[in-house]
file start11.cif (mmCIF, C-alpha atoms and all ligand atoms)
data_start
#
loop_
_atom_site.label_atom_id
_atom_site.label_comp_id
_atom_site.auth_asym_id
_atom_site.auth_seq_id
_atom_site.Cartn_x
_atom_site.Cartn_y
_atom_site.Cartn_z
CA MET N 8 79.77 79.98 44.99
CA ARG N 9 78.06 78.90 41.73
CA ILE N 10 76.80 75.39 42.36
CA LEU N 11 75.09 73.02 39.96
CA ILE N 12 73.06 70.17 41.43
CA ALA N 13 72.09 67.20 39.24
CA GLY N 14 68.87 65.63 40.55
CA ALA N 15 65.86 67.13 42.33
CA GLY N 16 65.17 64.20 44.61
CA ILE N 17 65.07 64.64 48.37
CA ALA N 18 68.87 64.95 48.70
CA GLY N 19 69.26 67.41 45.81
CA LEU N 20 66.41 69.65 46.97
CA ALA N 21 67.53 69.61 50.62
CA ALA N 22 71.09 70.52 49.57
CA ALA N 23 69.85 73.26 47.25
CA LEU N 24 67.71 74.77 50.01
CA ALA N 25 70.48 74.62 52.63
CA LEU N 26 73.08 76.09 50.23
CA ALA N 27 70.76 78.86 48.96
CA ARG N 28 69.99 79.85 52.56
CA LYS N 29 73.74 80.23 53.15
CA GLY N 30 74.05 82.61 50.20
CA HIS N 31 75.35 80.31 47.45
CA SER N 32 73.93 80.54 43.94
CA VAL N 33 72.38 77.15 43.12
CA GLN N 34 70.93 75.70 39.95
CA VAL N 35 69.19 72.32 40.17
CA ILE N 36 68.63 70.29 37.01
CA GLU N 37 66.16 67.42 37.01
CA GLN N 38 65.64 65.03 34.12
CA ALA N 39 61.91 64.57 34.85
CA ALA N 40 59.57 67.07 33.22
CA ALA N 41 57.56 67.43 36.45
CA LEU N 42 58.19 66.67 40.12
CA GLU N 43 55.63 63.87 40.13
CA GLU N 44 56.95 61.82 43.01
CA VAL N 45 56.15 58.14 42.97
CA GLY N 46 53.20 57.36 45.21
CA ALA N 47 54.92 56.11 48.29
CA GLY N 48 55.30 56.80 51.96
CA LEU N 49 58.35 57.89 53.84
CA GLN N 50 59.39 57.74 57.48
CA LEU N 51 61.44 60.66 58.76
CA GLY N 52 63.25 60.01 62.02
CA PRO N 53 63.93 62.83 64.53
CA ASN N 54 67.44 63.15 63.05
CA ALA N 55 65.94 64.22 59.71
CA MET N 56 63.21 66.31 61.33
CA ARG N 57 65.77 68.33 63.35
CA VAL N 58 67.48 69.24 60.07
CA LEU N 59 64.16 70.19 58.46
CA ASP N 60 63.42 72.32 61.55
CA ALA N 61 66.74 74.11 61.05
CA LEU N 62 65.82 74.66 57.39
CA GLY N 63 62.59 76.31 58.51
CA ILE N 64 60.19 73.68 57.15
CA GLY N 65 59.89 71.19 60.03
CA GLU N 66 56.44 72.35 61.12
CA LYS N 67 55.08 72.23 57.60
CA VAL N 68 56.45 68.73 57.06
CA ALA N 69 55.05 67.52 60.40
CA ALA N 70 51.66 69.03 59.59
CA ALA N 71 51.58 67.23 56.23
CA GLY N 72 52.15 63.84 57.85
CA GLN N 73 51.41 61.72 60.88
CA SER N 74 53.33 61.43 64.12
CA PRO N 75 53.22 57.76 65.15
CA ALA N 76 53.18 56.95 68.87
CA ALA N 77 55.56 53.98 68.53
CA ILE N 78 57.38 51.55 66.27
CA THR N 79 56.09 48.12 67.23
CA LEU N 80 57.74 44.90 66.11
CA ARG N 81 55.30 42.01 66.05
CA ASP N 82 55.24 38.41 64.95
CA GLY N 83 53.51 38.48 61.57
CA ARG N 84 51.35 35.40 62.10
CA SER N 85 50.32 35.70 65.75
CA ALA N 86 50.59 39.51 66.00
CA ARG N 87 52.38 38.95 69.34
CA GLU N 88 54.34 42.02 70.33
CA ILE N 89 58.13 41.57 70.31
CA LEU N 90 59.42 45.05 70.95
CA LYS N 91 58.09 48.59 71.15
CA VAL N 92 60.14 51.75 70.60
CA PRO N 93 58.17 54.73 71.97
CA LEU N 94 57.91 57.71 69.61
CA GLY N 95 55.41 60.60 69.71
CA GLU N 96 56.04 62.95 72.65
CA ALA N 97 58.71 60.57 74.01
CA ALA N 98 60.73 61.01 70.79
CA LYS N 99 60.39 64.79 70.98
CA ARG N 100 61.53 64.76 74.61
CA ARG N 101 64.51 62.49 74.01
CA TRP N 102 65.64 63.43 70.50
CA GLY N 103 64.35 66.97 70.16
CA ALA N 104 61.99 66.39 67.24
CA ALA N 105 59.03 64.32 66.16
CA TYR N 106 59.13 61.09 64.17
CA VAL N 107 56.99 61.74 61.08
CA THR N 108 55.48 59.51 58.40
CA LEU N 109 54.24 61.21 55.24
CA HIS N 110 53.68 61.04 51.50
CA ARG N 111 56.95 61.53 49.59
CA ALA N 112 55.18 63.88 47.20
CA ASP N 113 54.30 66.17 50.13
CA LEU N 114 57.92 66.36 51.28
CA VAL N 115 59.19 67.00 47.75
CA ALA N 116 56.59 69.77 47.24
CA ILE N 117 57.50 71.46 50.55
CA LEU N 118 61.23 71.33 49.75
CA ALA N 119 60.67 72.69 46.21
CA GLU N 120 58.44 75.54 47.50
CA ALA N 121 60.99 76.50 50.13
CA LEU N 122 63.75 76.48 47.50
CA GLU N 123 61.66 78.70 45.23
CA ARG N 124 61.28 81.16 48.12
CA ALA N 125 64.99 81.04 49.00
CA GLN N 126 66.17 81.38 45.40
CA PRO N 127 63.47 81.90 42.76
CA GLY N 128 64.02 80.06 39.46
CA ALA N 129 66.69 77.69 40.83
CA LEU N 130 64.92 74.52 39.67
CA HIS N 131 65.12 73.47 36.00
CA LEU N 132 62.91 70.54 35.03
CA GLY N 133 63.39 68.39 31.92
CA VAL N 134 67.18 68.86 31.88
CA THR N 135 69.34 65.71 31.82
CA LEU N 136 73.04 65.62 32.60
CA THR N 137 74.88 63.45 30.08
CA ASP N 138 78.58 64.24 30.55
CA ILE N 139 81.01 66.09 32.80
CA ASP N 140 84.23 68.01 32.17
CA ASN N 141 85.66 68.04 35.68
CA ARG N 142 88.82 70.07 36.31
CA ALA N 143 90.76 71.34 39.30
CA ASP N 144 89.50 74.90 38.77
CA GLY N 145 85.92 74.38 37.62
CA VAL N 146 83.39 71.98 36.16
CA ALA N 147 81.15 71.97 33.10
CA ILE N 148 78.39 69.56 32.20
CA ALA N 149 76.70 68.62 28.95
CA THR N 150 72.94 68.15 28.88
CA ALA N 151 70.83 65.91 26.66
CA SER N 152 69.63 68.94 24.69
CA GLY N 153 73.22 69.88 23.80
CA GLU N 154 73.67 72.72 26.27
CA THR N 155 76.84 73.26 28.32
CA LEU N 156 76.51 74.56 31.88
CA ALA N 157 79.49 75.67 33.95
CA ALA N 158 79.88 75.97 37.73
CA GLU N 159 82.43 76.07 40.50
CA LEU N 160 81.02 72.87 42.00
CA LEU N 161 78.84 70.05 40.68
CA ILE N 162 76.81 68.03 43.19
CA GLY N 163 75.67 64.66 41.89
CA ALA N 164 72.37 64.01 43.70
CA ASP N 165 71.17 61.80 40.89
CA GLY N 166 70.20 58.74 42.87
CA ILE N 167 71.02 55.07 42.94
CA ARG N 168 71.90 54.85 39.23
CA SER N 169 73.97 58.04 39.33
CA VAL N 170 75.52 59.14 36.06
CA VAL N 171 77.82 61.49 37.98
CA ARG N 172 79.13 58.55 40.04
CA GLU N 173 79.74 56.52 36.91
CA VAL N 174 81.64 59.34 35.17
CA LEU N 175 83.72 59.99 38.30
CA PHE N 176 84.39 56.48 39.53
CA GLY N 177 83.26 54.01 36.84
CA PRO N 178 80.40 51.51 36.91
CA ASP N 179 79.35 50.06 40.28
CA THR N 180 78.74 46.41 41.05
CA PRO N 181 75.55 46.02 43.06
CA ARG N 182 74.84 42.66 44.71
CA PHE N 183 71.32 41.19 44.52
CA THR N 184 70.32 40.53 48.15
CA GLY N 185 67.70 37.90 47.33
CA HIS N 186 65.06 40.27 48.73
CA VAL N 187 62.12 41.42 46.67
CA ALA N 188 59.90 44.18 48.01
CA TRP N 189 56.25 44.89 47.38
CA ARG N 190 54.80 48.27 48.06
CA ALA N 191 51.35 49.79 47.96
CA LEU N 192 49.36 52.70 49.30
CA VAL N 193 46.08 51.38 50.67
CA ARG N 194 43.00 53.48 51.44
CA ILE N 195 41.38 52.51 54.76
CA ASP N 196 38.52 53.60 56.98
CA PRO N 197 40.36 54.67 60.16
CA ALA N 198 37.30 53.74 62.24
CA ASP N 199 37.28 50.17 60.87
CA PRO N 200 38.41 47.81 63.68
CA ALA N 201 40.07 45.66 61.00
CA ALA N 202 42.37 48.52 59.94
CA PRO N 203 46.00 47.85 60.89
CA PRO N 204 46.94 49.36 64.25
CA PRO N 205 48.19 52.96 64.05
CA GLY N 206 51.88 53.71 64.49
CA VAL N 207 54.72 52.11 62.59
CA GLY N 208 54.24 48.34 62.54
CA ALA N 209 57.03 45.94 61.60
CA TRP N 210 55.59 42.45 61.12
CA LEU N 211 58.22 39.72 61.15
CA GLY N 212 58.23 36.15 59.91
CA ALA N 213 60.31 33.42 58.34
CA ARG N 214 62.00 34.79 55.20
CA ARG N 215 59.57 37.70 55.02
CA HIS N 216 58.49 40.86 56.79
CA ALA N 217 56.11 43.74 56.27
CA VAL N 218 56.03 47.36 57.42
CA THR N 219 52.83 49.39 57.75
CA TYR N 220 52.27 53.00 58.71
CA ARG N 221 49.76 55.74 58.01
CA ILE N 222 50.81 58.74 55.96
CA ARG N 223 47.38 60.31 56.17
CA PRO N 224 44.59 59.28 58.57
CA ASP N 225 43.00 57.12 55.86
CA LEU N 226 46.05 56.07 53.85
CA VAL N 227 48.39 53.24 54.83
CA ASN N 228 51.83 52.72 53.30
CA LEU N 229 52.66 49.04 52.99
CA VAL N 230 56.10 47.64 52.20
CA ALA N 231 56.35 43.85 52.26
CA VAL N 232 59.58 41.99 51.65
CA THR N 233 60.13 38.34 50.72
CA GLU N 234 63.15 36.30 49.72
CA GLN N 235 63.02 35.00 46.18
CA SER N 236 65.29 34.87 43.17
CA ASP N 237 62.86 35.10 40.25
CA TRP N 238 62.64 38.91 40.16
CA ARG N 239 65.75 41.02 39.73
CA ASP N 240 64.47 44.33 38.45
CA GLU N 241 65.59 47.28 40.59
CA GLY N 242 62.97 49.68 39.14
CA TRP N 243 60.61 51.07 41.78
CA ASN N 244 57.48 51.24 39.70
CA LEU N 245 56.93 47.87 38.11
CA PRO N 246 53.50 46.39 38.76
CA GLY N 247 53.23 43.06 40.57
CA ASP N 248 50.41 40.59 41.11
CA ALA N 249 48.27 41.32 44.20
CA ASP N 250 47.29 37.65 44.55
CA ARG N 251 50.95 36.66 44.73
CA LEU N 252 51.47 39.26 47.46
CA ARG N 253 48.49 37.86 49.40
CA ALA N 254 49.80 34.32 48.93
CA ASP N 255 53.24 35.38 50.22
CA PHE N 256 51.63 36.61 53.46
CA ALA N 257 48.86 34.02 53.80
CA GLY N 258 47.96 33.38 57.44
CA TRP N 259 49.05 36.85 58.66
CA LYS N 260 45.61 37.51 60.07
CA VAL N 261 45.94 41.11 61.26
CA LEU N 262 47.30 42.20 57.89
CA ALA N 263 44.82 40.18 55.80
CA PRO N 264 42.09 42.90 55.59
CA LEU N 265 44.73 45.40 54.43
CA LEU N 266 46.19 42.99 51.87
CA ALA N 267 42.69 42.27 50.59
CA ARG N 268 42.35 45.93 49.61
CA VAL N 269 45.59 46.08 47.59
CA GLU N 270 44.85 46.36 43.88
CA THR N 271 48.14 46.67 41.97
CA PRO N 272 51.17 46.48 44.22
CA LEU N 273 54.52 47.62 42.87
CA ARG N 274 57.48 45.34 43.14
CA TRP N 275 61.21 45.87 43.12
CA ALA N 276 64.33 43.80 43.74
CA LEU N 277 66.74 44.99 46.42
CA PHE N 278 70.41 45.39 45.58
CA ASP N 279 73.17 46.16 48.03
CA ARG N 280 76.25 48.30 47.46
CA LYS N 281 79.37 48.61 49.60
CA PRO N 282 80.35 51.97 51.11
CA MET N 283 82.47 53.97 48.65
CA ARG N 284 86.07 55.02 49.36
CA ALA N 285 85.65 58.53 47.92
CA TRP N 286 82.72 60.80 47.14
CA HIS N 287 84.44 63.60 45.27
CA ASP N 288 86.98 64.27 42.58
CA ASN N 289 88.15 67.75 41.60
CA ARG N 290 85.00 69.90 41.48
CA ALA N 291 82.35 67.17 41.55
CA LEU N 292 80.82 65.62 44.68
CA LEU N 293 78.21 62.94 45.30
CA ILE N 294 75.46 63.08 47.95
CA GLY N 295 72.42 60.96 48.84
CA ASP N 296 71.72 57.62 47.19
CA ALA N 297 74.34 58.43 44.55
CA CYS N 298 77.10 57.72 47.10
CA HIS N 299 75.48 55.77 49.96
CA PRO N 300 72.41 53.89 48.71
CA MET N 301 71.02 51.68 51.45
CA LEU N 302 68.54 48.90 51.89
CA PRO N 303 65.21 50.21 53.18
CA PHE N 304 65.29 48.20 56.46
CA LEU N 305 66.18 51.17 58.66
CA ALA N 306 64.09 53.77 56.77
CA GLN N 307 67.03 56.20 56.63
CA GLY N 308 67.93 56.70 52.94
CA ALA N 309 66.10 60.00 52.51
CA ALA N 310 67.10 61.09 56.01
CA MET N 311 70.77 60.66 55.11
CA GLY N 312 70.28 62.72 51.95
CA ILE N 313 68.71 65.50 54.06
CA GLU N 314 71.58 65.36 56.55
CA ASP N 315 74.12 65.45 53.67
CA GLY N 316 72.63 68.63 52.24
CA TYR N 317 72.73 70.43 55.57
CA ALA N 318 76.26 69.28 56.42
CA LEU N 319 77.58 70.38 53.05
CA ALA N 320 76.09 73.85 53.42
CA GLU N 321 77.72 74.16 56.85
CA LEU N 322 81.14 73.19 55.50
CA LEU N 323 81.33 74.88 52.12
CA PRO N 324 82.91 78.35 52.17
CA LEU N 325 81.19 81.14 50.24
CA GLU N 326 84.40 81.58 48.29
CA GLY N 327 87.96 80.32 48.29
CA GLU N 328 89.26 76.76 48.49
CA ILE N 329 86.71 74.02 48.01
CA GLU N 330 88.71 70.81 48.28
CA PRO N 331 89.30 70.89 52.07
CA ALA N 332 85.55 71.29 52.63
CA LEU N 333 84.79 68.33 50.35
CA ALA N 334 87.39 66.20 52.14
CA ARG N 335 85.94 67.17 55.53
CA PHE N 336 82.43 66.40 54.28
CA PHE N 337 83.52 62.88 53.35
CA ALA N 338 85.38 62.40 56.65
CA LEU N 339 82.34 63.44 58.68
CA ARG N 340 79.56 61.84 56.67
CA GLN N 341 81.03 58.57 55.43
CA PRO N 342 81.33 56.79 58.82
CA ARG N 343 77.74 57.61 59.83
CA THR N 344 76.23 56.61 56.49
CA ALA N 345 78.37 53.44 56.33
CA ARG N 346 77.16 52.44 59.82
CA ILE N 347 73.57 52.95 58.76
CA GLN N 348 74.11 51.01 55.52
CA ALA N 349 75.51 48.12 57.60
CA MET N 350 72.69 48.21 60.12
CA ALA N 351 70.04 48.29 57.39
CA ARG N 352 71.72 45.22 55.88
CA SER N 353 71.78 43.32 59.17
CA ASN N 354 68.14 44.23 59.89
CA GLY N 355 67.30 42.49 56.62
CA VAL N 356 68.74 39.28 58.10
CA ASP N 357 67.35 39.67 61.63
CA PHE N 358 63.84 40.56 60.47
CA HIS N 359 63.67 37.29 58.54
CA GLU N 360 64.93 35.03 61.29
CA GLY N 361 67.90 34.23 59.08
CA ASN N 362 70.22 34.43 62.05
CA PRO N 363 68.82 32.59 65.09
CA LEU N 364 71.23 34.19 67.58
CA ALA N 365 70.49 37.69 66.43
CA THR N 366 66.78 36.94 66.46
CA LEU N 367 66.96 35.62 69.99
CA ALA N 368 68.97 38.62 71.14
CA MET N 369 66.46 40.93 69.54
CA ARG N 370 63.35 39.18 70.79
CA LEU N 371 64.07 38.12 74.35
CA PRO N 372 66.15 40.61 76.30
CA LEU N 373 65.03 43.57 74.28
CA GLY N 374 61.38 42.67 74.49
CA ARG N 375 61.63 42.40 78.26
CA ALA N 376 63.60 45.61 78.57
CA ALA N 377 61.03 47.35 76.41
CA SER N 378 58.15 46.66 78.72
CA ALA N 379 60.18 47.34 81.87
CA ARG N 380 62.26 50.32 80.75
CA PRO N 381 61.31 52.04 77.52
CA ASP N 382 64.21 54.47 78.05
CA ALA N 383 66.67 51.60 77.67
CA VAL N 384 65.16 50.75 74.30
CA MET N 385 65.25 54.36 73.17
CA ALA N 386 68.87 54.73 74.31
CA ARG N 387 69.88 52.13 71.72
CA TRP N 388 68.80 54.61 69.04
CA ASP N 389 70.46 57.73 70.43
CA TRP N 390 73.34 57.52 67.95
CA LEU N 391 70.88 57.44 65.05
CA TYR N 392 67.92 59.64 66.00
CA GLY N 393 69.93 61.89 68.32
CA GLY N 394 72.88 62.18 65.92
CA GLY N 395 73.17 64.24 62.80
CA PRO N 396 75.26 66.46 60.62
CA ILE N 397 77.64 69.17 61.73
CA GLY N 398 75.77 72.33 62.63
CA ILE N 399 72.80 70.51 64.13
CA ARG N 400 72.74 70.27 67.89
CA SER N 401 72.64 66.75 69.31
CA GLY N 402 69.13 65.54 69.85
CA ILE N 403 69.88 63.54 72.96
CA LEU N 404 68.01 65.56 75.53
CA ALA N 405 67.04 62.82 77.95
C1 LIG C 1 60.12 51.79 48.80
C2 LIG C 1 61.13 52.62 49.48
C3 LIG C 1 60.86 53.05 50.77
C4 LIG C 1 61.75 53.91 51.40
N1 LIG C 1 61.45 54.35 52.65
C5 LIG C 1 62.26 55.25 53.23
C6 LIG C 1 61.92 55.81 54.49
O1 LIG C 1 60.89 55.46 55.08
N2 LIG C 1 62.75 56.75 55.05
C7 LIG C 1 63.89 57.17 54.42
O2 LIG C 1 64.60 58.04 54.96
N3 LIG C 1 64.24 56.63 53.21
C8 LIG C 1 63.46 55.71 52.60
N4 LIG C 1 63.79 55.19 51.39
C9 LIG C 1 65.01 55.64 50.73
C10 LIG C 1 64.81 56.96 50.06
O3 LIG C 1 63.65 56.95 49.27
C11 LIG C 1 66.02 57.27 49.19
O4 LIG C 1 67.19 57.07 49.95
C12 LIG C 1 65.97 58.71 48.74
O5 LIG C 1 64.82 58.95 47.98
C13 LIG C 1 67.21 59.06 47.93
O6 LIG C 1 67.12 60.40 47.56
P1 LIG C 1 68.11 60.97 46.49
O7 LIG C 1 67.68 62.39 46.30
O8 LIG C 1 69.52 60.67 46.84
O9 LIG C 1 67.82 60.13 45.16
P2 LIG C 1 66.49 60.06 44.28
O10 LIG C 1 65.29 60.24 45.10
O11 LIG C 1 66.63 58.82 43.47
O12 LIG C 1 66.60 61.33 43.32
C14 LIG C 1 67.49 61.39 42.24
C15 LIG C 1 66.93 62.39 41.24
O13 LIG C 1 67.90 62.60 40.21
C16 LIG C 1 67.25 62.63 38.96
N5 LIG C 1 68.26 62.26 37.96
C17 LIG C 1 68.84 61.04 37.80
N6 LIG C 1 69.73 61.09 36.80
C18 LIG C 1 69.72 62.36 36.33
C19 LIG C 1 70.44 63.02 35.28
N7 LIG C 1 71.34 62.37 34.53
N8 LIG C 1 70.17 64.33 35.04
C20 LIG C 1 69.25 65.01 35.81
N9 LIG C 1 68.54 64.42 36.80
C21 LIG C 1 68.78 63.12 37.05
C22 LIG C 1 66.15 61.61 39.11
O14 LIG C 1 65.12 61.80 38.16
C23 LIG C 1 65.68 61.87 40.53
O15 LIG C 1 64.68 62.86 40.60
C24 LIG C 1 62.94 54.30 50.74
C25 LIG C 1 63.23 53.81 49.47
C26 LIG C 1 62.33 52.98 48.85
C27 LIG C 1 62.64 52.45 47.47
#
call {"tool": "encode", "arguments": {"input": "start11.cif", "output": "structure tokens", "more": "lines below"}}
Ligand SMILES: Cc1cc2nc3c(=O)[nH]c(=O)nc-3n(C[C@H](O)[C@H](O)[C@H](O)COP(=O)(O)OP(=O)(O)OC[C@H]3O[C@@H](n4cnc5c(N)ncnc54)[C@H](O)[C@@H]3O)c2cc1C
result
Amino acid sequence: MRILIAGAGIAGLAAALALARKGHSVQVIEQAAALEEVGAGLQLGPNAMRVLDALGIGEKVAAAGQSPAAITLRDGRSAREILKVPLGEAAKRRWGAAYVTLHRADLVAILAEALERAQPGALHLGVTLTDIDNRADGVAIATASGETLAAELLIGADGIRSVVREVLFGPDTPRFTGHVAWRALVRIDPADPAAPPPGVGAWLGARRHAVTYRIRPDLVNLVAVTEQSDWRDEGWNLPGDADRLRADFAGWKVLAPLLARVETPLRWALFDRKPMRAWHDNRALLIGDACHPMLPFLAQGAAMGIEDGYALAELLPLEGEIEPALARFFALRQPRTARIQAMARSNGVDFHEGNPLATLAMRLPLGRAASARPDAVMARWDWLYGGGPIGIRSGILA
């Protein structure tokens, strides 16, 4: 099938690779002139890593990143441990793949290289989709340079501000959550005792939290979230004031040396969107953030885009009727992504002690269970890290 993909983000590239490996002819158009990924880290749960394994690039991705031994939730001020979810070898044993943290640029480069091997010349940079002529028997798009490109299927993988979504379903109505996030990559000396502990750290406090993890031995990814209403820009790359960041987290002693090294943090406002009721119309389909953008509090946005790409390639026939496959794709993928969207939203509340009951439930029984029976803690995440798209075996091996 001739397939056009708008957007060479993680979802678009993963879909292109999975579809090309199945024998489809894919063309990916990307508005950016180069794949210069924003400097940021990414966590890939075992659910995403099992898909990347099946696409033949799991080892490369794991080698480019770090494999944290645990996710540890701590009180931000006292650094007291609240809960630990074992990862490392325990994650591989239980969920069949590693948990990996890495630089987004490394993942994008590995996906693009693999696509080039699977179908040389499939990626077209500097091409912007501007309009769509979507019919029952085919689809054509207009580009900013005045070209028309035709295909049997258009996949809109064009991210949170998707043009494809807007043409198909009209403008969306995001809700400002009141959360503003800071992010920074911070160079550290791994031997420095003041460096933040290795592994994924979630540091929780009143109306704020921070997440730290290493993406290279000497590079820490920091995301820090506060509640405030004076910043409503959703752009990912707007510079913020490092002193304001330090003031927001004053008294968080373990993080202070890391915060002291931040030069220009980036800042963005977090908006929430409800699950959509449809992802396709005629010969155009949405995947990734274009149809299920999520708050970053479960670190699963990119993972869901990767799962989407694989699931679609499993379902789409090489020729013949397309619509039943698109309907099945929605029926299989929407409930899982909607559950993750909802959980990411509720984590945003629980992490900030906004809901005392939820906080208590999270801190007391779980904390005790964690030290006594790590398996019980891991079992809570089977549906997420052990689940995945059609075609991928379940990762629950324990
Ligand atoms: C700070 C931060 C931390 C995160 N951490 C994690 C994490 O740890 N783990 C995780 O799984 N997820 C994480 N996420 C979420 C994850 O980054 C996103 O869910 C994921 O990048 C979405 O991928 P995508 O391909 O759907 O969209 P995007 O990455 O937004 O890609 C869309 C692409 O489409 C292109 N495009 C847009 N419009 C057009 C057009 N008209 N024509 C042509 N091209 C177009 C864009 O240039 C872009 O390259 C995080 C997000 C943020 C902001």
call {"tool": "residues_around", "arguments": {"input": "start11.cif", "residues": "range 35-42 of chain N", "least_positions_apart": "6", "cutoff": "7 Å", "atoms": "all atoms listed in the file", "output": "PDB file with C-alpha atoms, in the coordinates of the input"}}
result
ATOM      1  CA  LEU N  11      75.090  73.020  39.960  1.00  0.00           C
ATOM      2  CA  ILE N  12      73.060  70.170  41.430  1.00  0.00           C
ATOM      3  CA  ALA N  13      72.090  67.200  39.240  1.00  0.00           C
ATOM      4  CA  GLY N  14      68.870  65.630  40.550  1.00  0.00           C
ATOM      5  CA  ALA N  15      65.860  67.130  42.330  1.00  0.00           C
ATOM      6  CA  ALA N 129      66.690  77.690  40.830  1.00  0.00           C
ATOM      7  CA  LEU N 130      64.920  74.520  39.670  1.00  0.00           C
ATOM      8  CA  HIS N 131      65.120  73.470  36.000  1.00  0.00           C
ATOM      9  CA  LEU N 132      62.910  70.540  35.030  1.00  0.00           C
ATOM     10  CA  GLY N 133      63.390  68.390  31.920  1.00  0.00           C
ATOM     11  CA  VAL N 134      67.180  68.860  31.880  1.00  0.00           C
ATOM     12  CA  THR N 135      69.340  65.710  31.820  1.00  0.00           C
TER      13      THR N 135
END
call {"tool": "closest_atom_pairs", "arguments": {"input": "start11.cif", "of": "chain N", "to": "ligand LIG 1 (chain C)", "cutoff": "7 Å", "atoms": "all atoms listed in the file", "output": "CSV"}}
result
residue,atom,partner,partner_atom,distance
N:Ala13,CA,C:LIG1,C20,5.0
N:Gly14,CA,C:LIG1,O13,3.2
N:Ala15,CA,C:LIG1,O15,4.8
N:Gly16,CA,C:LIG1,O12,3.5
N:Ile17,CA,C:LIG1,O7,4.0
N:Ala18,CA,C:LIG1,O7,3.7
N:Gly19,CA,C:LIG1,O7,5.3
N:Ile36,CA,C:LIG1,C20,5.5
N:Glu37,CA,C:LIG1,N9,3.8
N:Gln38,CA,C:LIG1,C20,4.0
N:Ala39,CA,C:LIG1,O14,5.4
N:Ala47,CA,C:LIG1,C1,6.8
N:Gly48,CA,C:LIG1,O1,6.5
N:Leu49,CA,C:LIG1,O1,3.7
N:Gln50,CA,C:LIG1,O1,3.6
N:Leu51,CA,C:LIG1,N2,5.5
N:Val134,CA,C:LIG1,C20,5.9
N:Thr135,CA,C:LIG1,N8,3.6
N:Leu136,CA,C:LIG1,N8,4.0
N:Thr137,CA,C:LIG1,N7,5.8
N:Ala164,CA,C:LIG1,O8,5.4
N:Asp165,CA,C:LIG1,O13,3.4
N:Gly166,CA,C:LIG1,O9,3.6
N:Ile167,CA,C:LIG1,O11,5.8
N:Ser169,CA,C:LIG1,N6,5.8
N:Val170,CA,C:LIG1,N7,5.5
N:Arg190,CA,C:LIG1,C1,6.4
N:Val230,CA,C:LIG1,C1,6.7
N:Trp243,CA,C:LIG1,C27,6.2
N:Ile294,CA,C:LIG1,O8,6.5
N:Gly295,CA,C:LIG1,O8,3.5
N:Asp296,CA,C:LIG1,O8,3.8
N:Ala297,CA,C:LIG1,O8,5.8
N:Pro300,CA,C:LIG1,O4,6.2
N:Met301,CA,C:LIG1,O4,6.8
N:Pro303,CA,C:LIG1,C24,5.3
N:Ala306,CA,C:LIG1,N2,3.7
N:Gln307,CA,C:LIG1,O2,3.5
N:Gly308,CA,C:LIG1,O4,3.1
N:Ala309,CA,C:LIG1,O2,3.5
N:Ala310,CA,C:LIG1,O2,4.1
N:Met311,CA,C:LIG1,O2,6.7
N:Gly312,CA,C:LIG1,O8,5.6
call {"tool": "residues_near_point", "arguments": {"input": "start11.cif", "point": "(72.9, 43.2, 55.2)", "cutoff": "12 Å", "atoms": "all atoms listed in the file", "output": "PyMOL selection string"}}
result
chain N and resi 182-186+277-281+301-305+345-359+361-362
call {"tool": "closest_residue", "arguments": {"input": "start11.cif", "among": "N:Trp286, N:Phe337, N:Trp259, N:Trp210", "to": "Arg84 in chain N", "atoms": "only C-alpha atoms"}}
result
N:Trp259
call {"tool": "residues_around", "arguments": {"input": "start11.cif", "residues": "Gly212 in chain N", "least_positions_apart": "4", "cutoff": "7 Å", "atoms": "all atoms listed in the file", "output": "PDB file with C-alpha atoms, keeping the file's coordinate frame"}}
result
ATOM      1  CA  ASP N  82      55.240  38.410  64.950  1.00  0.00           C
ATOM      2  CA  GLY N  83      53.510  38.480  61.570  1.00  0.00           C
ATOM      3  CA  HIS N 216      58.490  40.860  56.790  1.00  0.00           C
ATOM      4  CA  HIS N 359      63.670  37.290  58.540  1.00  0.00           C
ATOM      5  CA  GLU N 360      64.930  35.030  61.290  1.00  0.00           C
TER       6      GLU N 360
END
call {"tool": "closest_residue", "arguments": {"input": "start11.cif", "among": "N:Leu94, N:Ala121, N:Ala338, N:Ala21", "to": "Ile64 in chain N", "atoms": "all atoms listed in the file"}}
result
N:Ala121
call {"tool": "closest_residue", "arguments": {"input": "start11.cif", "among": "N:Phe256, N:Asp225, N:Gly163, N:Asp199", "to": "Ala213 in chain N", "atoms": "only C-alpha atoms"}}
result
N:Phe256
call {"tool": "residues_around", "arguments": {"input": "start11.cif", "residues": "Leu160 in chain N", "least_positions_apart": "6", "cutoff": "10 Å", "atoms": "only C-alpha atoms", "output": "PyMOL selection string"}}
result
chain N and resi 8-12+33+141+144-147+289-292+329
call {"tool": "atom_distance", "arguments": {"input": "start11.cif", "atom1": "CA of Arg194 in chain N", "atom2": "CA of Ser85 in chain N"}}
result
24.0 Å
call {"tool": "atom_distance", "arguments": {"input": "start11.cif", "atom1": "CA of Arg214 in chain N", "atom2": "CA of Asp255 in chain N"}}
result
10.1 Å
call {"tool": "closest_residue", "arguments": {"input": "start11.cif", "among": "N:Arg268, N:Arg87, N:Arg28, N:Arg221", "to": "Gln126 in chain N", "atoms": "all atoms listed in the file"}}
result
N:Arg28
call {"tool": "residues_around", "arguments": {"input": "start11.cif", "residues": "Gly52 in chain N", "least_positions_apart": "6", "cutoff": "7 Å", "atoms": "all atoms listed in the file", "output": "list in words"}}
result
Tyr106, Val107 and Tyr392 of chain N
